[in-house]
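Below: one structure, written as structure tokens.
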Amino acid sequence: MKKIFLTLTVAVAFHHAAAQEITLDKIYSGYYRGKGIAGIASMKNGENYLVIEPTGIAKYSYKTSQKEGNIVDGQFESYEFSDDESKILLLKESQPIYRHSFLGKFEVKDLKSGKTISLNDGKTVQEPRFSPDATKVAFIAENNLFYQDLSSGKITQITTDGKKNSILNGLADWVYEEEFGHARLYEWTKNSDAVVFVKSDESQVPEIYIPIYGKKLYPEEMRYKYPKAGEKNSVVSAQLYRLDTGKTTALNLSSFKNYYIPNVVQTAKPDEIVLITSERIQNASDVLKVNTKTGAVQKLFTETDEKWIDTDSPTLEFLEDDSFLWASERDGNRHLYWYDKDGKLKKQITKGNWEVTDYYGFNPKSKEIYVQTTEKGSINKVVSKVNIENGKSQLISNAEGNNSANFSKNYNYFIETSSTAAKPYTFVLKDGNGKTVKELQNNNDQLQKLKADNFVDKEFITIPNDAGDQMNAWIMKPKNFDPNKKYPLFMYQYSGPGSQQVANSWDAGNALWFNHLVQKGYIVACVDGRGTGYKGTKFKKVTYMNLGKYEIEDQITAAKWFGNQSYIDKTRIGMFGWSFGGYMTSLAMTKGADVFKAGIAVAPVTNWRYYDSVYTERFMRTPQENPDGYDKNSPTEYAKLLKGKLLLIHGTADDNVHFQNSMEFSEALIQNKKQFDFMAYPDKNHGIYGGQTRPQLYQKMTDFILNNL
């Protein structure tokens with residue numbers, strides 16, 4: 001389960017509203033829409049970078065920041081260079097499938113000859129990837145793996161047994177894609193002579209079906225394989241295909257953890273591929289090296305944790321000598337470790353009471369890695385470079401806010417994307433030591449419009465919980481805030497494992513709606529309790545086997561703390577959340593019924609037995625192993641406690657958190673004679689958007705708050 005980002009800048013008819021006010025009409029007209037830079041990527045020479053513009057893929061100079069023309073003319077959704085930059089893969093149009101997967105029409109342009117070739121004869125494909133020698137592109141079509149020779153155009157079919165809802169070759173099934181974070185499960189060797197891929201047999205996985213109403217006389221059915229907690233998953237195997245023989249061989253992983261194979265990684269050496277594998281209990285991962293000449297498999301090392309490993313976000317980077325970097329939480333925070341090519345630990349590179357949140361690359365000349373960390377506080381993210389031999393570190397970004405970087409290939413420059421809770425995104429070109437070369441773009445116009453309409457900033461505070469922790473929180477107060485007045489409080493949260501809502505970064509989602517509510521006389525607040533991220537593993541993993549228990553306790557504690565402040569009306573406290581946040585709101589309105597007067601639960605999980613295997617079991621084990629953990633943390637168990645006003649919202653075609661969740665919770669409320677409001681969005685998925693959907697949704701939620709809080 002990943003956080004749903006609630007972007008409110010959907011274009012609708014715009015009606016002029018009273019000045020000095022943030023209105024829903026203005027939000028949805030795009031009046032406050034910010035600007036960005038799309039598709040930033042460094043060229044191999046380290047002196048130029050590319051961006052996607054309306055006229056094509058544009059080339060800029062790092063040194064002068066001036067445009068030097070287009071590499072390719074036309075309109076494209078994305079692009080990818082071959083390793084030698086002789087060719088470019090261009091996505092012309094796409095059709096989304098699930099969160100990451102899509103069908104796309106691609107073409108490859110030879111930048112030397114100017115010749116363009118369509119991939120798969122112009123038919124849609126998934127997950128295309130250049131061979132490292134730039135002579136071929138592998139791709140997936142109808143669950144089978146192919147490669148196309150770029151000089152002759154010849155297409156070679158690697159697998160033939162691919163079938164919908166049965167066999168997938170090199171492609172993630174629904175739960176792998178959703179919870180391991182990517183759709184591609186194959187990789188070329190560095191010398192381009194072999195492909196290692198994961199074959200998934202999902203034929204025994206239980207099937208979910210969703211009615212699609214449309215405007216047809218009889219609804220259609222959407223059917224796909226969805227392994228719920230404790231149910232059968234795809235049977236996966238690792239396969240080696242050699243181009244010289246045209247034969248595929250199954251790799252023998254029987255001596256290793258092999259229930260899940262989430263990652264296939266290219267190393268720095270020819271004839272090698274690395275697999276990251278796991279058992280169903282995700283508390284240990286094997287890192288396996290495959291010899292693609294012989295098919296032999298060797299274990300480099302095993303990463304273990306007494307609770308769980310974040311199998312959805314591994315960092316594994318091979319250096320030129322085939323030593324590698326690996327991210328681990330073994331010392332209580334996420335840090336980087338350096339291993340030799342045989343899997344022997346050389347040293348821990350980063351250390352401290354903070355976490356590495358992203359890895360950008362390694363400069364072999366200076367022996368420095370480039371990372372994003374929380375070393376300036378858990379609500380901030382900054383960029384540093386660290387020498388892997390002596391550990392010397394240098395901050396090269398702003399010291400506060402949310403800062404990320406896109407580096408030139410030689411690490412002489414980077415484009416810093418920065419924001420704070422009070423300042424929208426800026427894009428600044430810097431040198432390798434963090435000195436500003438030029439501001440490329442800002443969003444001052446956006447900020448001026450917001451300030452003119454009385455936009456309020458978030459105030460960051462900490463709140464104690466019953467376990468003695470200090471929980472990060474933010475609060476938004478009206479411009480004319482009067483400390484002697486009692487205000488209703490509207491709390492927002494997500495609270496899922498490792499998530500973060502209290503961050504010193506620009507909120508491109510709900511912040512404008514929250515401002516709208518503040519201007520209606522509400523105080524809005526958010527608290528990150530136990531289970532959330534960037535404060536170490538003890539704080540994050542205390543929820544193990546009891547997902548929801550400590551999280552809702554902390555939200556209730558926070559609500560009571562706010563209620564004891566002189567400026568909060570403790571009889572008028574409400575909560576809103578989406579997905580995991582909807583689950584929390586459902587618990588707040590039942591287990592916390594004496595504290596919360598009103599709640600809006602959007603697309604909530606209401607029983608973890610109904611959610612997918614990989615995510616749920618990572619934190620809860622299976623229902624067979626941990627029945628109490630599932631049942632005692634389900635809001636349906638507490639339906640009889642509901643007192644306040646509840647608005648339950650769900651899309652009928654939600655492929656992630658199924659409509660079934662809200663139906664079961666509704667039935668429990670009904671059988672306990674509880675009154676509540678319910679809104680179903682026909683044929684809408686987990687994001688609930690499209691056409692006039694979001695404006696209608698947010699107007700409904702606003703009206704509910706005004707009438708019930």
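Residue numbering restarts at 1 in every chain; chains get A, B, ... in the order shown in the structure tokens, and ligands count up from 1 in that same order.
For Lys409 in chain A, the set of protein, DNA and RNA residues having any atom at most 9 Å away, when counting only C-alpha atoms and skipping those fewer than 6 positions along the same chain, is Ser42, Met43, Lys44, Asn45, Gly46, Glu47 and Asn363 of chain A.
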Fewer than 3 positions away in the same chain doesn't count, so skip those; otherwise give me all residues within 6 Å of range 517-525 of chain A, counting only C-alpha atoms, as a short mmCIF file (atom, residue, chain, number, x, y, z; two decimals) with all heavy atoms, in the first residue's frame.
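As a result, part_35.cif now contains:
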```
data_model
loop_
_atom_site.label_atom_id
_atom_site.label_comp_id
_atom_site.auth_asym_id
_atom_site.auth_seq_id
_atom_site.Cartn_x
_atom_site.Cartn_y
_atom_site.Cartn_z
N TRP A 474 2.32 19.18 12.74
CA TRP A 474 2.15 20.56 12.25
C TRP A 474 0.74 21.02 12.54
O TRP A 474 -0.18 20.21 12.71
CB TRP A 474 2.53 20.73 10.78
CG TRP A 474 1.85 19.88 9.74
CD1 TRP A 474 2.41 18.88 9.01
CD2 TRP A 474 0.50 20.01 9.22
NE1 TRP A 474 1.52 18.35 8.12
CE2 TRP A 474 0.33 19.03 8.21
CE3 TRP A 474 -0.58 20.85 9.52
CZ2 TRP A 474 -0.87 18.87 7.52
CZ3 TRP A 474 -1.78 20.69 8.82
CH2 TRP A 474 -1.91 19.71 7.83
N ILE A 475 0.59 22.35 12.61
CA ILE A 475 -0.70 22.95 12.88
C ILE A 475 -0.87 24.18 12.00
O ILE A 475 0.09 24.91 11.75
CB ILE A 475 -0.84 23.30 14.39
CG1 ILE A 475 -2.25 23.80 14.71
CG2 ILE A 475 0.23 24.27 14.83
CD1 ILE A 475 -2.51 23.93 16.21
N MET A 476 -2.07 24.37 11.49
CA MET A 476 -2.40 25.53 10.66
C MET A 476 -3.51 26.31 11.36
O MET A 476 -4.58 25.76 11.63
CB MET A 476 -2.86 25.08 9.26
CG MET A 476 -1.77 24.40 8.46
SD MET A 476 -2.39 23.55 6.97
CE MET A 476 -3.05 24.92 6.04
N LYS A 477 -3.24 27.59 11.65
CA LYS A 477 -4.19 28.44 12.35
C LYS A 477 -4.67 29.56 11.44
O LYS A 477 -3.92 30.00 10.56
CB LYS A 477 -3.53 29.05 13.60
CG LYS A 477 -3.00 28.04 14.59
CD LYS A 477 -2.22 28.73 15.70
CE LYS A 477 -1.62 27.73 16.68
NZ LYS A 477 -0.74 28.40 17.68
N PRO A 478 -5.88 30.05 11.67
CA PRO A 478 -6.38 31.18 10.86
C PRO A 478 -5.48 32.40 10.97
O PRO A 478 -4.79 32.60 11.98
CB PRO A 478 -7.77 31.46 11.47
CG PRO A 478 -8.17 30.17 12.11
CD PRO A 478 -6.90 29.56 12.60
N PRO A 488 -12.75 24.76 16.36
CA PRO A 488 -12.85 23.33 16.04
C PRO A 488 -11.55 22.86 15.39
O PRO A 488 -10.87 23.63 14.70
CB PRO A 488 -14.02 23.27 15.05
CG PRO A 488 -14.07 24.63 14.43
CD PRO A 488 -13.60 25.59 15.47
N LEU A 489 -11.20 21.60 15.63
CA LEU A 489 -9.95 21.03 15.12
C LEU A 489 -10.23 19.94 14.11
O LEU A 489 -11.01 19.01 14.39
CB LEU A 489 -9.13 20.46 16.28
CG LEU A 489 -7.85 19.70 15.90
CD1 LEU A 489 -6.81 20.65 15.32
CD2 LEU A 489 -7.28 18.96 17.12
N PHE A 490 -9.58 20.02 12.96
CA PHE A 490 -9.70 19.00 11.91
C PHE A 490 -8.33 18.36 11.74
O PHE A 490 -7.37 19.02 11.32
CB PHE A 490 -10.18 19.64 10.60
CG PHE A 490 -10.50 18.67 9.51
CD1 PHE A 490 -11.50 17.72 9.66
CD2 PHE A 490 -9.81 18.70 8.30
CE1 PHE A 490 -11.81 16.82 8.64
CE2 PHE A 490 -10.12 17.82 7.27
CZ PHE A 490 -11.12 16.88 7.45
N MET A 491 -8.22 17.08 12.08
CA MET A 491 -6.95 16.37 12.03
C MET A 491 -6.85 15.53 10.76
O MET A 491 -7.80 14.84 10.39
CB MET A 491 -6.77 15.48 13.26
CG MET A 491 -6.61 16.25 14.55
SD MET A 491 -6.50 15.16 16.00
CE MET A 491 -4.95 14.30 15.68
N PHE A 514 -6.81 22.43 2.91
CA PHE A 514 -6.69 22.73 4.33
C PHE A 514 -6.74 24.23 4.58
O PHE A 514 -7.34 24.70 5.54
CB PHE A 514 -5.39 22.14 4.89
CG PHE A 514 -5.34 20.63 4.88
CD1 PHE A 514 -4.13 19.96 4.78
CD2 PHE A 514 -6.50 19.87 4.99
CE1 PHE A 514 -4.08 18.58 4.79
CE2 PHE A 514 -6.46 18.49 4.99
CZ PHE A 514 -5.24 17.83 4.88
#
```
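Using only C-alpha atoms, the smallest distance between any of A:Thr622, A:Thr590, A:Thr373, A:Thr64 and Gly352 in chain A comes from A:Thr373.
Restricting the calculation to only C-alpha atoms, the smallest distance between Asn515 in chain A and any of A:Ile27, A:Lys87, A:Met222, A:Asp322 is found for A:Ile27.
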>> Give me, as a PyMOL selection string, the residues of range 49-85 of chain A that a backbone DSSP run labels strand (DSSP E or B).
In response: chain A and resi 49-53+56-61+67-73+78-81
>> List the spatial neighbours of Leu90 in chain A as a ChimeraX atom specification - criterion: any atom at most 6 Å away, only C-alpha atoms, same-chain residues fewer than 2 positions off excluded.
In response: /A:79,106-107
> Do you know which residues are at most 6 Å from range 532-538 of chain A counting only C-alpha atoms, after dropping those on the same chain fewer than 5 positions away, and could you put them as a ChimeraX atom specification?
Replying inline: /A:332-333,378,495,497-500
